[in-house]
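S.K.: Mind looking over this structure? Questions follow.
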Amino acid sequence: MVGQALSLEPSAFSLLGWTALLAPLAAALLIQLVGVHRRRLSAGLAIVSLLISFAATGWLFLQTLPRPALVPYESSIDWIAVPGLTIPFGILLDQLSLLMALVVTGVGSAIFIYSVGYMAEDHAYSRFFGLLSLFAFSMLTIVLATNWIQLFIGWELVGFCSYALIGHWYAKPSAAEAGKKAFLVNRVADFGFFLGILALWATSSLTPAGRTFHFLTLEQHLPLLAHSGAIPIATLPLIGLLLFCGPVGKSAQFPLHVWLPDAMEGPTPVSALIHAATMVAAGVYLLCRAFWLFEDLPSVLATIMWVGGATAFLAACLALVENDLKRILAYSTLSQLGYMVMALGLGGLVAGMYHLTTHALFKALLFLAAGSVIHGTHEQEIWKLGGLTRSMRWTSAAFFVGGLALCGFPGLSGFFSKDEILVLAHARNPALYWLGTLTAGLTAFYIARAWFAAFTGPSRTRAHESPPVMLAPLGLLALLSIAGGYVFIPQYLGQPHGALHWPVAAVSMGVVALGLTLAWLIYQRNMVSATQVVEALALPYSFLKRRYYLDDLYAWYVAVIQQKLIAGLCALFERYLIIGTMVNGTAALTRALGGLIRLCQTGRIQTYVLAFLLGVAWLLSTVMPR
Amino acid sequence: MITLTHYLVASALLFTIGLAGIMTRRNIIMILLSIEIMFNAANLAFVAYARAWGDLGGQICAFFIITVAAAEVTVGLAIAILLARQLKTLHADEVRLMKW
């Protein structure tokens, strides 16, 4: 039935899928083996391998585009097989994974090429490209995973690559610290995530297939079991919450968002690729992948949507007072990730994935434009920049397009995807709808603030335009940011084409226009003095400047609770229980017993002989046969 | 007629005398002598049985015991000489090096 429609044989599916997954790994290995001191070779290997991967993914995508019935397609090997536990490693191709893989390889290719220019002066050029390739492989491992363990392995690998790349300039203490922070915060979240995976695995023993990590098997059996009441009532919500810990860490949702702004210490292509377009979206992708589990759990969905909504709003507020260009974009990423998570929580898989895709395009564009600014001026504080529209014309144009797409200017990609989410919220939860709309206004305000401060006005720094190798990816991503709203992504994911919901669109456009106008009045026309605004709102301003005191709270927790209280208790425990009672206690007990037994050793031969005699008499009377 | 029982009673008497000597005397030489008496009690029992049962094994054992006793008394006397030299005593209660 399906076979007749195949223009590609299953073997070709398998071949292309494996190629897409393994090409970046091959590049990473080759760079480590032969490319360590060959700059051009390493860059070439990384870029070519990812382009191969992109081509393979694109081909598969085009094949499944008209015929969604071809998927899901799966090909895997048994990676670990012991009795009672089988862990496959493979590729799962369906609409979701192919779209995500396309985003990863497509945006990734643009960023890889851009890196050639951006990192041109760097001394650790090969290491950088090797890690980028490893990252691409790890990310594709997540995206194409067939089971939870494979996904978790990829999940940890991207975490490692993120750590290593944030700390690329490890000689700079702040970069090394930021890498550590990202790693540790994710560790906290992944602990819950892994518990969730194990709990799911344990629960799967109830299915006819037995214990399994396999996505499709679980998806097939678990909902039926849940409906039939075979699973204890609290089990699945608990699993859902534990699994949601993963996205909270990786997609940097409140309250574990603190690592993402610091991650901006890494090179800008890393920020664009890992901390805007792909890795941080892995959490959203995970929610989509396990959506069959979440959609039946209203309590978990409520948690997810409120965490998402809160992240969207609170992060947008933080972006209002930030002065570092990259950090503004980082808060913006947090905020947009909050939108996606909120969409998932509202039950909108398609809306979430749609926004993920468009966001990957325009946020990568914004980051690469910011990177181009940093490359051309060696400055990233917005108040020290200015007048870049004249000196860096193409970069400015790219940032302009990205900014408009971000704030949802009508006709650009961000407009359509954000509108999907707001329509969804409008239908399901009015409170979140208004929060989302307010956030859209804040988004317009902060990105316009960055634009007016850094790109218009008098020039405050020397600047030169970046080389073509950096501008070409900018141009490409700018075109995609404009066109991303017209390529029928929702339809590809199986949602019928919906007309634009005009009241919602009109309200959001109005709010965005308000935000833009306010920013224009304050930062361009100086009608309202920014310092006066700050003075009028001194309390909330200082609150935002200290980032809700969350970093201070965590620092206090680590320094006081963990290092003093808990560590102190552990030290007492060790000193008095382990060393005092158990180790020294054993020694004292042995010595005391020895002292007692020593009393038998009188040193008098007669005593010994008497004891010997009594012993022999006892032996003779009992043991010997009569 | 002297039967096996007579020999065994004599052997048991000798053994008891030796044991009592060990337990009551404090002089090391005397203790050694008591031990020798006990050896000979055993020897007497062996040869009595050997004769009564017509089995030479008992006599062989007796020879072994004589040999071992000779060796033992050599070591014992050597210790006694050393004690006399080092500690100027042969009184067993005063030799309490092994006590706590």
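Residues are named by chain letter and number: chains run A, B, ... in the order of the structure tokens, numbers start at 1 in each chain, and ligands are numbered from 1 in the order shown.
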Please tabulate, as a tab-separated table, the residues of chain B that come within 12 Å of chain A, each with its closest pair of atoms and the distance in Å to one decimal, counting only C-alpha atoms and ordering rows by chain, then residue number upward.
M.R.:
```
residue	atom	partner	partner_atom	distance
B:Phe15	CA	A:Leu613	CA	11.9
B:Thr16	CA	A:Leu613	CA	11.1
B:Gly18	CA	A:Val609	CA	11.7
B:Leu19	CA	A:Val609	CA	8.5
B:Ala20	CA	A:Gln606	CA	10.0
B:Gly21	CA	A:Gln606	CA	10.0
B:Ile22	CA	A:Gln606	CA	6.9
B:Met23	CA	A:Gln606	CA	5.0
B:Thr24	CA	A:Gln606	CA	7.6
B:Arg25	CA	A:Gln606	CA	8.9
B:Arg26	CA	A:Gln606	CA	8.7
B:Asn27	CA	A:Ile605	CA	11.1
B:Ile28	CA	A:Ile605	CA	10.0
B:Ile31	CA	A:Ile605	CA	9.6
B:Leu32	CA	A:Ile605	CA	11.8
B:Ile35	CA	A:Val609	CA	11.2
B:His91	CA	A:Arg604	CA	10.8
B:Ala92	CA	A:Arg604	CA	7.3
B:Asp93	CA	A:Arg604	CA	6.2
B:Glu94	CA	A:Arg604	CA	9.0
B:Val95	CA	A:Gly603	CA	7.8
B:Arg96	CA	A:Gly603	CA	5.1
B:Leu97	CA	A:Gly603	CA	7.2
B:Met98	CA	A:Gly603	CA	5.5
B:Lys99	CA	A:Gly603	CA	4.5
B:Trp100	CA	A:Arg598	CA	6.6
```
S.K.: Restricting the output to N, CA and C atoms, write the selected residues as a CSV table (one decimal), in the first residue's frame.
M.R.:
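Contents of out38.csv, as written:
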```csv
chain,number,residue,atom,x,y,z
B,15,PHE,N,51.7,-40.9,85.7
B,15,PHE,CA,51.2,-39.7,85.0
B,15,PHE,C,50.7,-38.7,86.0
B,16,THR,N,49.9,-39.2,87.0
B,16,THR,CA,49.3,-38.3,88.0
B,16,THR,C,50.4,-37.6,88.8
B,18,GLY,N,53.4,-37.1,87.9
B,18,GLY,CA,54.1,-36.0,87.1
B,18,GLY,C,53.2,-34.8,87.0
B,19,LEU,N,51.9,-35.0,86.8
B,19,LEU,CA,51.0,-33.8,86.6
B,19,LEU,C,51.0,-33.0,87.9
B,20,ALA,N,50.9,-33.7,89.0
B,20,ALA,CA,50.8,-33.0,90.3
B,20,ALA,C,52.1,-32.3,90.5
B,21,GLY,N,53.2,-32.9,90.1
B,21,GLY,CA,54.5,-32.2,90.2
B,21,GLY,C,54.5,-30.9,89.4
B,22,ILE,N,54.1,-31.0,88.2
B,22,ILE,CA,54.1,-29.8,87.3
B,22,ILE,C,53.2,-28.7,88.0
B,23,MET,N,52.1,-29.1,88.5
B,23,MET,CA,51.2,-28.1,89.0
B,23,MET,C,51.6,-27.5,90.4
B,24,THR,N,52.3,-28.3,91.1
B,24,THR,CA,52.6,-27.8,92.5
B,24,THR,C,54.0,-27.3,92.6
B,25,ARG,N,55.0,-27.8,91.9
B,25,ARG,CA,56.4,-27.3,92.1
B,25,ARG,C,56.6,-26.0,91.3
B,26,ARG,N,57.5,-25.2,91.9
B,26,ARG,CA,57.8,-23.9,91.2
B,26,ARG,C,59.2,-23.9,90.6
B,27,ASN,N,60.0,-24.9,90.9
B,27,ASN,CA,61.3,-24.9,90.4
B,27,ASN,C,61.3,-25.5,88.9
B,28,ILE,N,61.9,-24.8,88.0
B,28,ILE,CA,61.8,-25.2,86.6
B,28,ILE,C,62.4,-26.6,86.4
B,31,ILE,N,59.9,-29.1,87.4
B,31,ILE,CA,58.9,-29.1,86.4
B,31,ILE,C,59.3,-30.0,85.3
B,32,LEU,N,60.6,-29.8,84.8
B,32,LEU,CA,61.1,-30.6,83.7
B,32,LEU,C,61.1,-32.1,84.1
B,35,ILE,N,57.7,-33.5,83.9
B,35,ILE,CA,57.3,-33.8,82.5
B,35,ILE,C,57.9,-35.1,82.1
B,91,HIS,N,62.9,-20.0,89.6
B,91,HIS,CA,61.6,-20.0,90.2
B,91,HIS,C,60.6,-19.6,89.1
B,92,ALA,N,59.6,-20.5,88.8
B,92,ALA,CA,58.8,-20.3,87.6
B,92,ALA,C,57.9,-19.0,87.8
B,93,ASP,N,57.5,-18.8,89.0
B,93,ASP,CA,56.6,-17.6,89.2
B,93,ASP,C,57.3,-16.3,89.0
B,94,GLU,N,58.6,-16.3,89.1
B,94,GLU,CA,59.3,-15.0,88.9
B,94,GLU,C,59.6,-14.8,87.4
B,95,VAL,N,59.4,-15.8,86.6
B,95,VAL,CA,59.6,-15.7,85.2
B,95,VAL,C,58.2,-15.4,84.5
B,96,ARG,N,57.9,-14.1,84.4
B,96,ARG,CA,56.6,-13.8,83.9
B,96,ARG,C,56.7,-12.8,82.8
B,97,LEU,N,57.6,-13.1,81.9
B,97,LEU,CA,57.8,-12.2,80.8
B,97,LEU,C,56.6,-12.1,79.8
B,98,MET,N,55.9,-13.2,79.8
B,98,MET,CA,54.8,-13.3,78.8
B,98,MET,C,53.5,-12.7,79.4
B,99,LYS,N,53.6,-12.3,80.6
B,99,LYS,CA,52.3,-11.8,81.2
B,99,LYS,C,52.1,-10.3,80.8
B,100,TRP,N,50.9,-9.9,80.9
B,100,TRP,CA,50.6,-8.5,80.5
B,100,TRP,C,51.3,-7.4,81.2
```
S.K.: When DSSP is applied to the backbone of this structure, which of region 293-438 of chain A are assigned helix (DSSP H, G or I)? Write them out as a VMD selection string.
M.R.: chain A and resid 293 to 294 298 to 320 325 to 345 349 to 377 382 to 384 388 to 391 393 to 407 413 to 428 430 to 438
S.K.: Enter the distance from CA of Arg187 (chain A) to CA of Glu156 (chain A), in Å, rounded to one decimal.
M.R.: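 Result for CA of Arg187 (chain A) versus CA of Glu156 (chain A): 9.0 Å, one decimal.
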S.K.: Point out the residue among B:Ala42, B:Leu33, B:Leu90, B:Ile81 with the least atom-to-atom distance to Ile65 (chain B), counting only C-alpha atoms.
M.R.: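 For Ile65 (chain B), the nearest of the candidates is B:Ala42.
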S.K.: For Ile66 (chain B), find every residue with an atom within 12 Å (counting only C-alpha atoms), except residues of its own chain fewer than 4 positions away, and show them as a ChimeraX atom specification.
M.R.: /B:36-44,46,59-62,70-73
S.K.: Output C-alpha atoms for every residue in that selection, as a PDB file, in the first residue's frame.
M.R.:
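What landed in part_26.pdb:
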```pdb
ATOM      1  CA  GLU B  36      59.860 -36.617  82.127  1.00  0.00           C
ATOM      2  CA  ILE B  37      57.861 -38.732  84.560  1.00  0.00           C
ATOM      3  CA  MET B  38      54.732 -38.123  82.483  1.00  0.00           C
ATOM      4  CA  PHE B  39      56.587 -39.148  79.321  1.00  0.00           C
ATOM      5  CA  ASN B  40      57.608 -42.371  80.959  1.00  0.00           C
ATOM      6  CA  ALA B  41      54.049 -42.988  82.106  1.00  0.00           C
ATOM      7  CA  ALA B  42      53.029 -42.819  78.477  1.00  0.00           C
ATOM      8  CA  ASN B  43      55.931 -45.063  77.491  1.00  0.00           C
ATOM      9  CA  LEU B  44      54.901 -47.634  80.056  1.00  0.00           C
ATOM     10  CA  PHE B  46      52.634 -48.095  75.146  1.00  0.00           C
ATOM     11  CA  GLN B  59      57.299 -50.286  71.154  1.00  0.00           C
ATOM     12  CA  ILE B  60      58.173 -48.175  68.149  1.00  0.00           C
ATOM     13  CA  CYS B  61      56.130 -45.355  69.610  1.00  0.00           C
ATOM     14  CA  ALA B  62      58.003 -45.723  72.867  1.00  0.00           C
ATOM     15  CA  ALA B  70      65.619 -36.323  74.937  1.00  0.00           C
ATOM     16  CA  ALA B  71      65.280 -33.430  72.508  1.00  0.00           C
ATOM     17  CA  GLU B  72      62.683 -31.755  74.690  1.00  0.00           C
ATOM     18  CA  VAL B  73      64.730 -31.998  77.808  1.00  0.00           C
TER      19      VAL B  73
END
```
S.K.: Which residues are near region 230-232 of chain A? Cut-off 10 Å, only C-alpha atoms, ignore same chain within fewer than 5 positions. Put them as a VMD selection string.
M.R.: chain A and resid 203 to 204 206 to 207 222 to 225
